[in-house]
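First up is the structure itself, then whatever we jot down about it.
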Amino acid sequence: MEKAQYAILRFAKYKGPEISNIEAHNERTKEKYASNPDVDSSRSRLNFHLVEPPGKYRAEAERQIAEAGCRTRKDSVRLVEAMITASPAFFKGKKRAEIKAFFEQALKFVEERQDKKTLISAVVHMDEKTPHMHLSFVPLTADGRLCAKEIVGNKKKLTLWQDDFWSAMVEKYPDLERGESASQTGREHIPPRVFKEMCRLNKQRERLEQLLTGINPLNAKLRATEISRLLDGYIPGVEKMQSQLKKYKGVFAKTAAENRELQKENKQLACSLEAVQRESILKKMQDLKLRHDYEAALAVMQRIPPEVLEIYAGTKSEQRLVGIDNTLDL
């Protein structure tokens, strides 16, 4: 059986300083992409724009908002980003011109629903595992109000966007299927970047475990320097992961409760479940692994000897380490 091919459309909303980070990622202005190991800089020359940014994202957004006469608050959403792609199987064997045509069709879909004057950038990334487009626009309504909520603000609207997007794309690409929405599955989507960050944290954890194996008062001082260097990134990484995973508390609560049943179902996937059901079950198991990996990241910190912590950063950092919760309270 061939893998299902899904049309994918996701939105993210941004309010202020983070807009510059989004721009740096989208426009590839960073020298290195340590936070995203999937970026192959040697292939970045293959990326292309369907909408060229007229200037800096934040400056252009503020300009449009000012011209529209909109009042803003500190927490006003100034930029909405649509991430558009399809399942990897869809792009397999397609030439650059065919890939470009897919994203041009997607851009046309957005322009029919959002004034093209509000579009700041539409850039297609060819330097990651799966081609995808980041389309950024200022959430101005047809009557000139700044209101992201009205455009993409609730589950009903997001479901409508998903339905319309699939309908528009399937006309030209009949093999595409509509992806499961959060409202259909009852599960909140965990962004791919969280899984990428956990992969990086896992590599650090493995190295930390190697250094802690066989550590004792006699050799602790020798290993402390390397451990300290690793902890400089590891502790903030665990703290960041903790705050991110708390957003998806409901997902993990459900996943933990379903774990035993999932293990049984997983053995029967090939013969008893259709493709969409199989992907749904595997997604749940992926969520569960994410939680287990986080718990393992916490556990390894509890093994760090006090004398190493003292060498690392003294009382202040030791308090910081203790301040990380040992549970997500699920």
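The chains in the structure tokens are called A, B, ... from first to last as shown; in each chain the residues are counted from 1, and the ligands are counted from 1 in the order shown.
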
Discussion item. With only C-alpha atoms as the counted atoms, please give the residues lying no more than 9 Å from Arg205 of chain A, apart from itself and same-chain residues fewer than 6 positions off, as a ChimeraX atom specification.
Written reply: /A:234,296-297,300-301

Practice prompt. Skip Lys240 of chain A itself and residues of its chain fewer than 5 positions away, then list as an NGL selection string all residues within 10 Å of it, counting only C-alpha atoms.
Written response: :A and (194 or 197 or 234-235 or 245)

Discussion item. Nearest residue to Arg71 of chain A out of A:Ile84, A:Ala122, A:Leu146, A:Gly16, using only C-alpha atoms?
Written reply: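 Ranking A:Ile84, A:Ala122, A:Leu146, A:Gly16 by distance to Arg71 of chain A, first place goes to A:Leu146.
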
Worksheet entry | Option closest in space to Arg145 of chain A, from A:Lys289, A:Arg78, A:His125, A:Lys92 [counting only C-alpha atoms] | A:Arg78

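Counting only C-alpha atoms and comparing A:Ile8, A:Ile151, A:Leu46, A:Val39, the residue that lies closest to Arg178 of chain A is A:Ile8.
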
Item to complete: Could you jot down the atom CA of Leu160 of chain A to atom CA of Pro174 of chain A separation for me, Å, one decimal place?
Response: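 These atoms are spaced 19.4 Å apart.
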
Would you give me, as a tab-separated table, each residue of segment 73-168 of chain A having an atom within 7 Å of an atom of segment 54-69 of chain A, along with its shortest atom pair and that distance in Å to one decimal, using only C-alpha atoms and sorting by chain and residue number?
```
residue	atom	partner	partner_atom	distance
A:Arg78	CA	A:Ala61	CA	6.3
A:Leu79	CA	A:Ala61	CA	6.9
A:Ile120	CA	A:Tyr57	CA	6.7
A:Val138	CA	A:Ala61	CA	5.9
A:Gly144	CA	A:Ala68	CA	5.8
```

Practice prompt. Name the closest residue to Tyr173 of chain A among the candidates A:Lys74, A:Glu98, A:Ala82, A:Asp293; distances are taken between atoms, counting only C-alpha atoms.
Written response: A:Glu98

Item to complete: Have a look at atom CA of Thr159 of chain A and atom CA of Glu23 of chain A and let me know their distance in Å, one decimal.
Response: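 A separation of 26.8 Å between them.
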
Discussion item. Could you list, as a list in words, every residue within 8 Å of Lys221 of chain A, counting only C-alpha atoms and ignoring same-chain residues fewer than 4 positions away?
Written reply: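 Final neighbour list, sorted by chain and number: Pro217, Thr225, Val308 and Ile311 of chain A.
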
Worksheet item: When you draw a straight line from atom CA of Thr130 of chain A to atom CA of Pro88 of chain A, how long is it in Å?
Response: 5.8 Å

Practice prompt. Apply DSSP to the backbone of this structure and, from segment 61-102 of chain A, keep only the residues in alpha helix (DSSP H); write these as a VMD selection string.
Written response: chain A and resid 61 to 67 88 to 91 96 to 102

Worksheet item: DSSP on the backbone: what in segment 42-266 of chain A comes out strand (DSSP E), as a list in words?
Response: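 Residues meeting the strand (DSSP E) criterion: Phe48, His49, Leu50, Val51, Leu79, Val80, Glu81, Ala82, Met83, Ile84, Thr85, Ala86, Leu119, Ile120, Ser121, Ala122, Val123, Val124, His125, His132, Met133, His134, Leu135, Ser136, Phe137, Leu176, Glu177 and Arg178 of chain A.
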
Given the selection you just returned, output its residues as a file containing C-alpha atoms, formatted as a PDB file, in the first residue's frame.
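Saved file selection.pdb follows:
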```pdb
ATOM      1  CA  PHE A  48      13.273  30.524  -3.754  1.00  0.00           C
ATOM      2  CA  HIS A  49      10.732  33.296  -3.141  1.00  0.00           C
ATOM      3  CA  LEU A  50       7.233  33.593  -4.550  1.00  0.00           C
ATOM      4  CA  VAL A  51       6.832  36.869  -2.654  1.00  0.00           C
ATOM      5  CA  LEU A  79       2.383  38.793  11.932  1.00  0.00           C
ATOM      6  CA  VAL A  80       0.761  35.502  10.963  1.00  0.00           C
ATOM      7  CA  GLU A  81       2.820  32.786   9.339  1.00  0.00           C
ATOM      8  CA  ALA A  82       1.306  29.984   7.282  1.00  0.00           C
ATOM      9  CA  MET A  83       3.509  26.924   6.875  1.00  0.00           C
ATOM     10  CA  ILE A  84       2.449  25.049   3.756  1.00  0.00           C
ATOM     11  CA  THR A  85       3.711  21.652   2.637  1.00  0.00           C
ATOM     12  CA  ALA A  86       2.641  18.084   1.896  1.00  0.00           C
ATOM     13  CA  LEU A 119       1.749  39.515   2.311  1.00  0.00           C
ATOM     14  CA  ILE A 120       5.321  40.208   3.428  1.00  0.00           C
ATOM     15  CA  SER A 121       7.114  37.086   2.274  1.00  0.00           C
ATOM     16  CA  ALA A 122       6.520  33.680   0.719  1.00  0.00           C
ATOM     17  CA  VAL A 123       9.709  31.652   0.658  1.00  0.00           C
ATOM     18  CA  VAL A 124      10.080  27.976  -0.237  1.00  0.00           C
ATOM     19  CA  HIS A 125      12.756  26.032   1.627  1.00  0.00           C
ATOM     20  CA  HIS A 132       7.794  23.671   2.483  1.00  0.00           C
ATOM     21  CA  MET A 133       6.752  27.311   2.222  1.00  0.00           C
ATOM     22  CA  HIS A 134       6.725  29.954   4.959  1.00  0.00           C
ATOM     23  CA  LEU A 135       4.131  32.557   3.993  1.00  0.00           C
ATOM     24  CA  SER A 136       4.067  35.603   6.303  1.00  0.00           C
ATOM     25  CA  PHE A 137       1.375  38.271   6.299  1.00  0.00           C
ATOM     26  CA  LEU A 176      -3.818  14.539  -1.922  1.00  0.00           C
ATOM     27  CA  GLU A 177      -5.841  13.785   1.186  1.00  0.00           C
ATOM     28  CA  ARG A 178      -6.977  16.152   3.889  1.00  0.00           C
TER      29      ARG A 178
END
```

Item to complete: For Asn216 of chain A, work out the shell of residues within 12 Å, counting only C-alpha atoms and skipping chain neighbours fewer than 2 positions away, then give it as a list in words.
Response: Leu211, Leu212, Thr213, Gly214, Leu218, Asn219, Ala220, Lys221, Leu222, Arg223, Ala224, Arg303, Ile304, Pro305, Pro306, Glu307 and Val308 of chain A
